[in-house]
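Chemist: Below is the file model.csv, which contains CSV, C-alpha atoms.
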```
chain,number,residue,atom,x,y,z
A,1,MET,CA,0.0,0.0,0.0
A,2,ASN,CA,1.4,3.4,-1.0
A,3,ILE,CA,0.7,6.4,1.3
A,4,VAL,CA,0.5,9.8,-0.4
A,5,SER,CA,1.3,12.8,1.8
A,6,PRO,CA,-1.3,15.6,2.0
A,7,SER,CA,-0.5,18.7,0.1
A,8,PRO,CA,0.3,21.9,2.1
A,9,ARG,CA,-2.6,24.3,2.5
A,10,LEU,CA,-4.9,21.6,1.3
A,11,PHE,CA,-7.8,22.4,3.6
A,12,ARG,CA,-7.4,26.1,4.1
A,13,SER,CA,-10.2,27.5,1.9
A,14,LEU,CA,-12.6,24.7,2.9
A,15,MET,CA,-12.1,25.1,6.7
A,16,LEU,CA,-12.4,28.9,6.4
A,17,GLY,CA,-15.7,28.4,4.6
A,18,ALA,CA,-16.9,26.0,7.4
A,19,ALA,CA,-15.9,28.5,10.1
A,20,GLY,CA,-17.7,31.3,8.3
A,21,ALA,CA,-20.8,29.1,8.1
A,22,THR,CA,-20.5,28.3,11.8
A,23,LEU,CA,-20.4,31.9,12.8
A,24,ALA,CA,-23.0,33.1,10.4
A,25,GLY,CA,-26.3,32.5,12.1
A,26,GLY,CA,-29.1,33.4,9.6
A,27,ALA,CA,-32.5,34.7,10.3
A,28,ALA,CA,-34.5,31.4,10.4
A,29,HIS,CA,-35.3,29.2,13.4
A,30,ALA,CA,-33.2,26.1,14.3
A,31,GLN,CA,-34.9,22.8,13.7
A,32,GLY,CA,-36.6,21.0,16.6
A,33,ASP,CA,-34.9,19.0,19.3
A,34,TRP,CA,-32.7,16.3,17.9
A,35,SER,CA,-29.2,15.0,18.7
A,36,LYS,CA,-28.2,12.6,15.8
A,37,ARG,CA,-28.6,12.6,12.0
A,38,PHE,CA,-28.2,9.9,9.3
A,39,ARG,CA,-28.5,9.9,5.6
A,40,ILE,CA,-28.2,7.5,2.7
A,41,GLY,CA,-28.4,8.2,-1.0
A,42,LEU,CA,-26.8,8.1,-4.4
A,43,VAL,CA,-23.8,10.0,-5.5
A,44,THR,CA,-23.0,11.0,-9.1
A,45,ALA,CA,-19.4,12.0,-9.7
A,46,ILE,CA,-18.0,14.1,-12.5
A,47,ASN,CA,-14.6,15.8,-13.2
A,48,VAL,CA,-12.8,12.5,-12.4
A,49,GLU,CA,-10.3,11.2,-15.0
A,50,THR,CA,-7.3,9.0,-15.5
A,51,GLU,CA,-4.0,9.9,-17.1
A,52,PHE,CA,-2.4,7.0,-18.9
A,53,ALA,CA,1.3,7.2,-19.3
A,54,PHE,CA,3.1,4.9,-21.8
A,55,GLY,CA,6.7,5.1,-22.7
A,56,GLY,CA,10.0,3.1,-22.6
A,57,GLN,CA,11.3,-0.2,-23.8
A,58,PHE,CA,9.0,-3.3,-23.4
A,59,GLY,CA,9.1,-7.0,-23.9
A,60,VAL,CA,6.4,-9.0,-25.5
A,61,THR,CA,4.4,-12.0,-24.3
A,62,GLY,CA,3.1,-13.2,-27.7
A,63,SER,CA,6.5,-14.1,-29.3
A,64,ASP,CA,9.2,-16.4,-28.0
A,65,PRO,CA,11.8,-17.1,-30.7
A,66,GLY,CA,13.8,-19.3,-28.5
A,67,GLN,CA,17.5,-20.1,-28.7
A,68,PRO,CA,19.0,-20.9,-32.2
A,69,GLY,CA,21.2,-23.9,-32.8
A,70,VAL,CA,19.6,-26.1,-30.1
A,71,PRO,CA,17.2,-28.9,-31.1
A,72,GLY,CA,14.1,-29.9,-29.3
A,73,LEU,CA,12.9,-26.4,-28.3
A,74,ASN,CA,9.7,-24.5,-28.9
A,75,HIS,CA,9.9,-21.4,-31.1
A,76,VAL,CA,7.0,-18.9,-31.4
A,77,TYR,CA,7.3,-16.2,-34.0
A,78,ASP,CA,5.3,-13.2,-35.3
A,79,ASP,CA,4.5,-15.1,-38.5
A,80,GLY,CA,4.5,-18.8,-37.4
A,81,TYR,CA,5.8,-21.4,-35.0
A,82,VAL,CA,8.0,-24.5,-34.8
A,83,ARG,CA,7.2,-26.5,-31.7
A,84,LEU,CA,7.6,-29.9,-30.2
A,85,ASP,CA,5.2,-32.6,-31.4
A,86,ASP,CA,4.0,-35.8,-29.7
A,87,THR,CA,7.1,-37.7,-30.8
A,88,GLY,CA,9.4,-35.3,-29.0
A,89,ASN,CA,10.7,-34.2,-32.5
A,90,ALA,CA,12.0,-37.7,-33.3
A,91,GLY,CA,15.1,-37.5,-35.5
A,92,GLY,CA,15.2,-33.7,-35.2
A,93,PHE,CA,12.0,-33.2,-37.2
A,94,THR,CA,8.6,-31.9,-36.1
A,95,SER,CA,5.1,-31.8,-37.6
A,96,ASN,CA,4.0,-29.1,-35.2
A,97,TRP,CA,4.9,-26.1,-37.3
A,98,GLY,CA,3.1,-23.4,-39.3
A,99,TYR,CA,3.7,-20.2,-41.3
A,100,GLU,CA,1.6,-17.3,-42.5
A,101,ASN,CA,3.0,-15.8,-45.7
A,102,PRO,CA,4.2,-17.3,-49.0
A,103,GLY,CA,7.2,-15.0,-49.0
A,104,GLN,CA,8.6,-17.0,-46.0
A,105,TYR,CA,9.3,-20.0,-48.1
A,106,ASP,CA,12.4,-20.1,-50.4
A,107,ALA,CA,11.9,-23.1,-52.7
A,108,ALA,CA,15.5,-22.8,-54.1
A,109,SER,CA,17.2,-23.2,-50.8
A,110,GLY,CA,14.4,-25.3,-49.2
A,111,THR,CA,14.1,-23.1,-46.2
A,112,LEU,CA,11.4,-21.3,-44.2
A,113,THR,CA,12.2,-17.9,-42.6
A,114,PHE,CA,10.5,-16.6,-39.5
A,115,ARG,CA,10.6,-13.3,-37.6
A,116,GLY,CA,10.0,-12.9,-33.9
A,117,THR,CA,9.8,-9.7,-31.8
A,118,THR,CA,12.0,-9.5,-28.8
A,119,SER,CA,11.2,-6.0,-27.6
A,120,PHE,CA,9.7,-2.7,-28.7
A,121,THR,CA,10.2,1.0,-27.8
A,122,GLN,CA,7.4,3.6,-27.4
A,123,ASN,CA,8.1,7.3,-27.1
A,124,SER,CA,6.6,8.7,-23.9
A,125,THR,CA,2.9,9.7,-24.3
A,126,ARG,CA,0.2,10.9,-21.8
A,127,ILE,CA,-3.5,10.6,-22.6
A,128,ARG,CA,-6.3,11.6,-20.2
A,129,THR,CA,-9.6,9.7,-20.5
A,130,THR,CA,-12.9,9.7,-18.6
A,131,GLU,CA,-16.2,7.9,-19.0
A,132,GLU,CA,-18.1,10.1,-16.5
A,133,PRO,CA,-20.5,10.3,-14.9
A,134,TYR,CA,-19.8,7.6,-12.3
A,135,TYR,CA,-22.5,6.4,-9.8
A,136,GLY,CA,-22.0,5.3,-6.3
A,137,VAL,CA,-23.4,5.3,-2.7
A,138,ASP,CA,-23.4,8.2,-0.2
A,139,LEU,CA,-23.7,7.7,3.6
A,140,ALA,CA,-23.3,10.1,6.5
A,141,TYR,CA,-23.8,10.1,10.2
A,142,GLY,CA,-23.4,13.0,12.6
A,143,GLY,CA,-24.5,14.8,15.8
A,144,ARG,CA,-25.6,18.1,17.2
A,145,LEU,CA,-23.1,20.0,19.3
A,146,LEU,CA,-24.7,23.4,20.1
A,147,ASP,CA,-27.1,26.0,18.8
A,148,ILE,CA,-25.6,29.2,17.4
A,149,GLY,CA,-28.1,31.9,16.8
A,150,THR,CA,-30.8,30.3,14.7
A,151,GLY,CA,-28.6,27.6,13.4
A,152,VAL,CA,-27.4,24.2,14.7
A,153,PHE,CA,-23.7,23.5,14.7
A,154,GLY,CA,-22.7,19.8,14.6
A,155,TRP,CA,-20.3,17.2,13.3
A,156,GLY,CA,-20.5,14.6,10.6
A,157,PHE,CA,-18.7,11.5,9.4
A,158,GLY,CA,-19.4,10.5,5.8
A,159,PHE,CA,-18.6,7.7,3.4
A,160,ASN,CA,-18.8,7.4,-0.4
A,161,VAL,CA,-18.1,4.4,-2.5
A,162,LEU,CA,-17.5,4.9,-6.3
A,163,PRO,CA,-16.7,2.2,-8.9
A,164,MET,CA,-14.9,3.6,-11.9
A,165,LYS,CA,-13.5,2.3,-15.2
A,166,PHE,CA,-11.1,4.0,-17.7
A,167,GLU,CA,-9.6,2.9,-21.0
A,168,ASP,CA,-6.9,4.1,-23.3
A,169,ARG,CA,-7.4,2.8,-26.9
A,170,ALA,CA,-5.2,5.2,-28.8
A,171,PRO,CA,-3.1,3.6,-31.5
A,172,ARG,CA,0.6,4.2,-31.6
A,173,THR,CA,3.6,3.7,-33.9
A,174,VAL,CA,6.4,1.8,-32.1
A,175,ALA,CA,10.0,0.7,-33.0
A,176,ALA,CA,10.5,-3.0,-32.7
A,177,GLU,CA,13.5,-5.3,-32.5
A,178,ARG,CA,13.1,-8.7,-34.2
A,179,VAL,CA,15.2,-11.7,-34.6
A,180,VAL,CA,15.3,-13.7,-38.0
A,181,HIS,CA,15.5,-17.5,-37.9
A,182,ARG,CA,15.6,-20.0,-40.7
A,183,PHE,CA,14.6,-23.7,-40.8
A,184,SER,CA,15.4,-26.4,-43.3
A,185,THR,CA,12.3,-28.0,-44.9
A,186,GLY,CA,14.3,-31.2,-45.8
A,187,GLY,CA,13.1,-31.3,-49.4
A,188,ILE,CA,9.4,-31.8,-48.6
A,189,VAL,CA,6.5,-30.4,-50.5
A,190,VAL,CA,5.7,-27.4,-48.4
A,191,PRO,CA,1.9,-26.7,-48.0
A,192,GLN,CA,0.7,-23.3,-49.3
A,193,ALA,CA,0.5,-20.5,-46.8
A,194,PRO,CA,-1.1,-20.0,-44.4
A,195,TYR,CA,-0.5,-23.5,-42.9
A,196,GLN,CA,-0.8,-24.8,-39.4
A,197,GLY,CA,0.5,-28.3,-38.6
A,198,GLY,CA,-0.4,-30.3,-35.6
A,199,LEU,CA,1.1,-32.5,-32.8
A,200,SER,CA,0.6,-35.9,-34.2
A,201,GLY,CA,4.1,-36.3,-35.8
A,202,GLN,CA,2.3,-37.2,-39.1
A,203,GLY,CA,2.2,-35.1,-42.2
A,204,PRO,CA,4.8,-32.7,-43.5
A,205,VAL,CA,7.8,-32.4,-41.1
A,206,ILE,CA,10.6,-29.9,-41.0
A,207,SER,CA,13.9,-29.6,-39.1
A,208,ASP,CA,13.4,-28.2,-35.6
A,209,LEU,CA,16.9,-26.6,-35.5
A,210,ALA,CA,16.7,-22.8,-35.8
A,211,GLN,CA,19.5,-20.9,-37.6
A,212,GLU,CA,19.8,-17.2,-36.7
A,213,ILE,CA,20.2,-15.2,-39.8
A,214,SER,CA,20.1,-11.6,-38.5
A,215,ARG,CA,18.5,-9.1,-36.2
A,216,GLU,CA,16.5,-6.2,-37.5
A,217,SER,CA,14.8,-3.0,-36.4
A,218,THR,CA,11.4,-2.1,-37.9
A,219,THR,CA,8.3,-0.1,-37.1
A,220,GLY,CA,4.9,-1.5,-36.2
A,221,ASN,CA,1.3,-0.2,-35.5
A,222,LEU,CA,0.4,-0.9,-31.9
A,223,THR,CA,-3.4,-1.2,-31.1
A,224,GLY,CA,-5.3,-2.5,-28.1
A,225,THR,CA,-6.2,-1.3,-24.7
A,226,ARG,CA,-4.8,-0.1,-21.4
A,227,GLN,CA,-7.6,-0.3,-18.9
A,228,MET,CA,-7.9,0.7,-15.3
A,229,GLU,CA,-10.8,-0.3,-13.0
A,230,ALA,CA,-10.9,1.3,-9.6
A,231,LEU,CA,-13.1,1.1,-6.5
A,232,ALA,CA,-12.7,4.2,-4.4
A,233,PHE,CA,-13.8,4.3,-0.7
A,234,GLU,CA,-13.8,7.9,0.5
A,235,PHE,CA,-14.1,8.8,4.2
A,236,ARG,CA,-14.7,12.3,5.4
A,237,LEU,CA,-15.0,14.0,8.8
A,238,GLY,CA,-15.7,17.6,9.7
A,239,PRO,CA,-18.1,20.2,11.1
A,240,ASN,CA,-21.4,21.3,9.6
A,241,MET,CA,-24.0,24.0,10.1
A,242,GLN,CA,-27.8,23.5,9.5
A,243,TRP,CA,-30.5,26.1,9.3
A,244,HIS,CA,-34.3,25.8,9.2
A,245,LEU,CA,-35.4,27.9,6.2
A,246,GLY,CA,-39.1,27.9,7.1
A,247,GLY,CA,-41.9,25.4,6.5
A,248,ARG,CA,-40.6,22.1,5.5
A,249,TRP,CA,-37.3,23.4,4.2
A,250,ALA,CA,-33.8,23.3,5.7
A,251,ALA,CA,-30.2,23.7,4.4
A,252,SER,CA,-26.7,22.8,5.6
A,253,LEU,CA,-23.1,23.5,4.9
A,254,GLY,CA,-20.2,21.2,5.8
A,255,ALA,CA,-16.4,20.8,5.2
A,256,GLY,CA,-13.5,19.0,6.5
A,257,ALA,CA,-10.7,16.4,5.9
A,258,ALA,CA,-11.0,13.3,3.7
A,259,MET,CA,-9.2,10.1,3.2
A,260,GLY,CA,-9.5,7.7,0.3
A,261,VAL,CA,-8.7,4.0,0.0
A,262,VAL,CA,-8.5,3.2,-3.8
A,263,SER,CA,-8.3,-0.4,-5.0
A,264,GLY,CA,-7.3,-0.6,-8.6
A,265,ASP,CA,-6.6,-3.2,-11.4
A,266,PHE,CA,-4.5,-2.0,-14.3
A,267,ASP,CA,-4.4,-4.3,-17.3
A,268,PHE,CA,-3.1,-4.0,-20.9
A,269,ASN,CA,-3.8,-6.1,-24.0
A,270,GLU,CA,-1.9,-4.9,-27.0
A,271,ARG,CA,-1.1,-6.1,-30.6
A,272,ILE,CA,1.7,-4.9,-32.9
A,273,ASP,CA,1.1,-5.4,-36.7
A,274,PHE,CA,4.1,-5.1,-39.0
A,275,ALA,CA,4.0,-3.7,-42.6
A,276,GLY,CA,5.8,-6.7,-44.0
A,277,GLY,CA,3.4,-9.1,-42.4
A,278,GLY,CA,3.1,-10.8,-39.0
A,279,PHE,CA,2.1,-9.6,-35.7
A,280,THR,CA,2.9,-10.0,-32.0
A,281,THR,CA,0.9,-9.5,-28.8
A,282,THR,CA,1.6,-8.5,-25.3
A,283,ARG,CA,-0.5,-8.4,-22.2
A,284,GLY,CA,-0.2,-8.1,-18.5
A,285,GLY,CA,-1.5,-6.2,-15.5
A,286,ASP,CA,-1.1,-5.1,-11.9
A,287,SER,CA,-3.3,-4.7,-8.8
A,288,SER,CA,-2.7,-2.6,-5.8
A,289,THR,CA,-4.3,-0.4,-3.2
A,290,GLU,CA,-3.5,3.2,-2.7
A,291,LEU,CA,-4.2,5.5,0.3
A,292,VAL,CA,-4.8,9.2,-0.5
A,293,PHE,CA,-5.7,12.3,1.4
A,294,GLY,CA,-7.7,15.4,0.8
A,295,GLY,CA,-10.5,17.7,1.8
A,296,TRP,CA,-14.2,18.2,1.0
A,297,GLY,CA,-17.0,20.7,1.2
A,298,GLU,CA,-20.7,20.3,0.6
A,299,ALA,CA,-24.0,22.2,0.5
A,300,LEU,CA,-27.4,20.4,1.0
A,301,LEU,CA,-31.0,21.3,0.7
A,302,TYR,CA,-33.6,19.3,2.7
A,303,TYR,CA,-37.4,18.9,2.4
A,304,ARG,CA,-39.3,17.2,5.3
A,305,THR,CA,-42.0,14.7,4.2
A,306,ASP,CA,-45.0,13.5,6.1
A,307,GLN,CA,-43.1,10.4,7.1
A,308,GLU,CA,-40.7,12.1,9.5
A,309,ALA,CA,-37.9,11.8,7.0
A,310,GLU,CA,-36.3,14.4,4.7
A,311,LEU,CA,-35.4,14.2,1.1
A,312,TYR,CA,-32.1,15.9,0.3
A,313,VAL,CA,-30.2,17.1,-2.8
A,314,GLY,CA,-26.9,18.8,-2.9
A,315,ALA,CA,-23.4,19.1,-4.3
A,316,GLN,CA,-20.0,18.1,-2.9
A,317,TYR,CA,-16.6,19.3,-3.9
A,318,SER,CA,-13.5,17.2,-3.1
A,319,ILE,CA,-9.8,17.8,-3.3
A,320,MET,CA,-7.9,14.5,-3.3
A,321,ASP,CA,-4.3,13.4,-4.2
A,322,ASP,CA,-3.7,11.2,-7.2
A,323,ALA,CA,-3.6,7.4,-7.0
A,324,THR,CA,-1.1,5.7,-9.4
A,325,PHE,CA,-1.4,2.1,-10.7
A,326,GLY,CA,0.9,0.0,-12.9
A,327,GLY,CA,4.5,0.8,-13.5
A,328,SER,CA,7.6,0.0,-15.6
A,329,GLY,CA,6.6,2.4,-18.3
A,330,ARG,CA,2.8,1.8,-18.3
A,331,GLU,CA,0.9,3.7,-15.6
A,332,ALA,CA,-2.6,4.8,-14.9
A,333,ARG,CA,-2.9,7.9,-12.6
A,334,LEU,CA,-6.4,8.3,-11.2
A,335,LYS,CA,-7.1,12.0,-10.7
A,336,LEU,CA,-9.7,12.4,-8.0
A,337,GLY,CA,-8.7,15.9,-7.2
A,338,ASN,CA,-11.2,18.7,-8.0
A,339,GLY,CA,-14.0,16.1,-8.2
A,340,ILE,CA,-17.6,17.3,-8.2
A,341,ARG,CA,-20.3,15.0,-6.7
A,342,PHE,CA,-24.1,15.5,-6.9
A,343,LEU,CA,-26.0,13.9,-4.0
A,344,ALA,CA,-29.6,12.8,-3.5
A,345,GLY,CA,-31.3,10.6,-0.9
A,346,ILE,CA,-33.1,10.3,2.4
A,347,HIS,CA,-32.1,12.0,5.7
A,348,TRP,CA,-33.3,11.4,9.2
A,349,ILE,CA,-32.8,13.4,12.4
A,350,PHE,CA,-33.5,11.7,15.7
```
Kindly present the structure from the file in structure tokens form.
Modeler:
Amino acid sequence: MNIVSPSPRLFRSLMLGAAGATLAGGAAHAQGDWSKRFRIGLVTAINVETEFAFGGQFGVTGSDPGQPGVPGLNHVYDDGYVRLDDTGNAGGFTSNWGYENPGQYDAASGTLTFRGTTSFTQNSTRIRTTEEPYYGVDLAYGGRLLDIGTGVFGWGFGFNVLPMKFEDRAPRTVAAERVVHRFSTGGIVVPQAPYQGGLSGQGPVISDLAQEISRESTTGNLTGTRQMEALAFEFRLGPNMQWHLGGRWAASLGAGAAMGVVSGDFDFNERIDFAGGGFTTTRGGDSSTELVFGGWGEALLYYRTDQEAELYVGAQYSIMDDATFGGSGREARLKLGNGIRFLAGIHWIF
């Protein structure tokens, strides 16, 4: 768990606002005799986004060219494969091979050529995405401390839970490093491309001994997704002031400190296609929990029903530090700061 230190002066404006509300008073009457309050409702969050950072040198998971010059190994390429079959590659030959493009076969030399990506490089980019609004649950419990003028000064402890999802689907051009291997076909009639052999040991067989011809640098088109799913638990504590506005109406202001526990899953699933044919894939992910700090302020309006409950609507503004997931060149930075929440639900005083 990573702990993000609160920023200096984080709560100054919010707490000054709360103090001003506390001293203000107003010209209406305080509500009746009550000591505790509780509310439950829905929260709609906007102005929340994730910044995806992507840059550096990366390996791939979809290609594994293997070591040349050693028999009995599995080789997985961008444009085919040469693997062990059920015979264990008896005699140094395998039926478990395949290739994608006619240009890989050289009939004159009786060889098949394969290319496998070993790494790729992406220049650093940053993209911000959002799929707002996000919907969650709002809870709060508090108490009455004292009457000030015609208002009621109290305290409150609140809780929001917000599930969120973000995706980066932007394509990119990357620079890839590839190894070139060649295999002897042993004079067989090579099936036309694309061809995929099986494990049986029957049918066309080729040598399983890879010969490294060269290494090359090329460009490719990277597509796919970088995705972050987060569940944010936001806790808040602070003073509030409530006024009776007359009739069935009341209003309140509150502000204070906030803490967030953010559980996030960052995953990527990417594909690189090459102009000369062939492709490779890479995927992975990371899960972690981040602890962040901030502040909040809210304004609520209440309407008392005939059932001794109140309906409330309002808005909440939060300042929170960022939570970062992933790493090693791929990151998703959840930006909860400057978030706006709209609230609606049921409120009881007792």
Chemist: Out of A:Leu334, A:Val180, A:Met259, A:Leu237, which residue has the shortest atom-to-atom distance to Glu49 of chain A when counting only C-alpha atoms?
Modeler: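 For Glu49 of chain A, the nearest of the given residues is A:Leu334.
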Chemist: Please provide the set of residues having any atom within 6 Å of segment 70-79 of chain A, restricted to only C-alpha atoms, with same-chain residues fewer than 5 positions apart removed, written as a CSV table (one decimal) with C-alpha atoms, in the coordinates of the input.
Modeler:
```csv
chain,number,residue,atom,x,y,z
A,63,SER,CA,6.5,-14.1,-29.3
A,64,ASP,CA,9.2,-16.4,-28.0
A,65,PRO,CA,11.8,-17.1,-30.7
A,84,LEU,CA,7.6,-29.9,-30.2
A,99,TYR,CA,3.7,-20.2,-41.3
A,100,GLU,CA,1.6,-17.3,-42.5
A,115,ARG,CA,10.6,-13.3,-37.6
A,116,GLY,CA,10.0,-12.9,-33.9
A,208,ASP,CA,13.4,-28.2,-35.6
A,209,LEU,CA,16.9,-26.6,-35.5
A,278,GLY,CA,3.1,-10.8,-39.0
A,279,PHE,CA,2.1,-9.6,-35.7
A,280,THR,CA,2.9,-10.0,-32.0
```
Chemist: For a quick check of understanding, using all atoms listed in the file, which of A:Gly110, A:Pro171, A:Gly329, A:Gly337 has the smallest distance to Phe183 of chain A?
Modeler: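 Using all atoms listed in the file, the shortest distance to Phe183 of chain A belongs to A:Gly110.
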Chemist: Nearest to Val152 of chain A among A:Asp33, A:Glu234, A:Glu216, A:Asp106, with distances taken over all atoms listed in the file: which residue is it?
Modeler: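 The closest residue to Val152 of chain A is A:Asp33.
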Chemist: Residues within 6 Å of Phe342 of chain A, please, as a list in words. Count all atoms listed in the file; anything in the same chain fewer than 3 positions from it doesn't count.
Modeler: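 What passes the distance filter is Val43, Thr44, Gly314 and Ala315 of chain A.
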Chemist: Please determine, counting only C-alpha atoms, which residue among A:Leu231, A:Leu199, A:Ala332, A:Ile127 has the shortest atom-to-atom distance to Asp286 of chain A.
Modeler: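 Once distances to Asp286 of chain A are computed over only C-alpha atoms, the minimum belongs to A:Ala332.
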Chemist: Using only C-alpha atoms, tabulate the residues of segment 80-182 of chain A lying at most 12 Å from any atom of segment 293-313 of chain A, each with its closest atom pair and that distance in Å to one decimal, by chain and increasing residue number, as CSV.
Modeler:
```
residue,atom,partner,partner_atom,distance
A:Asp138,CA,A:Val313,CA,11.5
A:Gly156,CA,A:Glu298,CA,11.5
A:Phe157,CA,A:Trp296,CA,11.6
A:Gly158,CA,A:Trp296,CA,10.5
A:Phe159,CA,A:Trp296,CA,11.6
A:Asn160,CA,A:Trp296,CA,11.8
```
Chemist: Identify which of the residues A:Gly254, A:Leu336, A:Glu270, A:Val60 lies closest to Gln316 of chain A, counting only C-alpha atoms when measuring atom-to-atom distances.
Modeler: A:Gly254
Chemist: Quick one: pull the distance between atom CA of Asn269 of chain A and atom CA of Ala170 of chain A, Å, one decimal.
Modeler: 12.4 Å
Chemist: Just how far from atom CA of Met164 of chain A is atom CA of Gly264 of chain A, in Å to one decimal?
Modeler: 9.3 Å
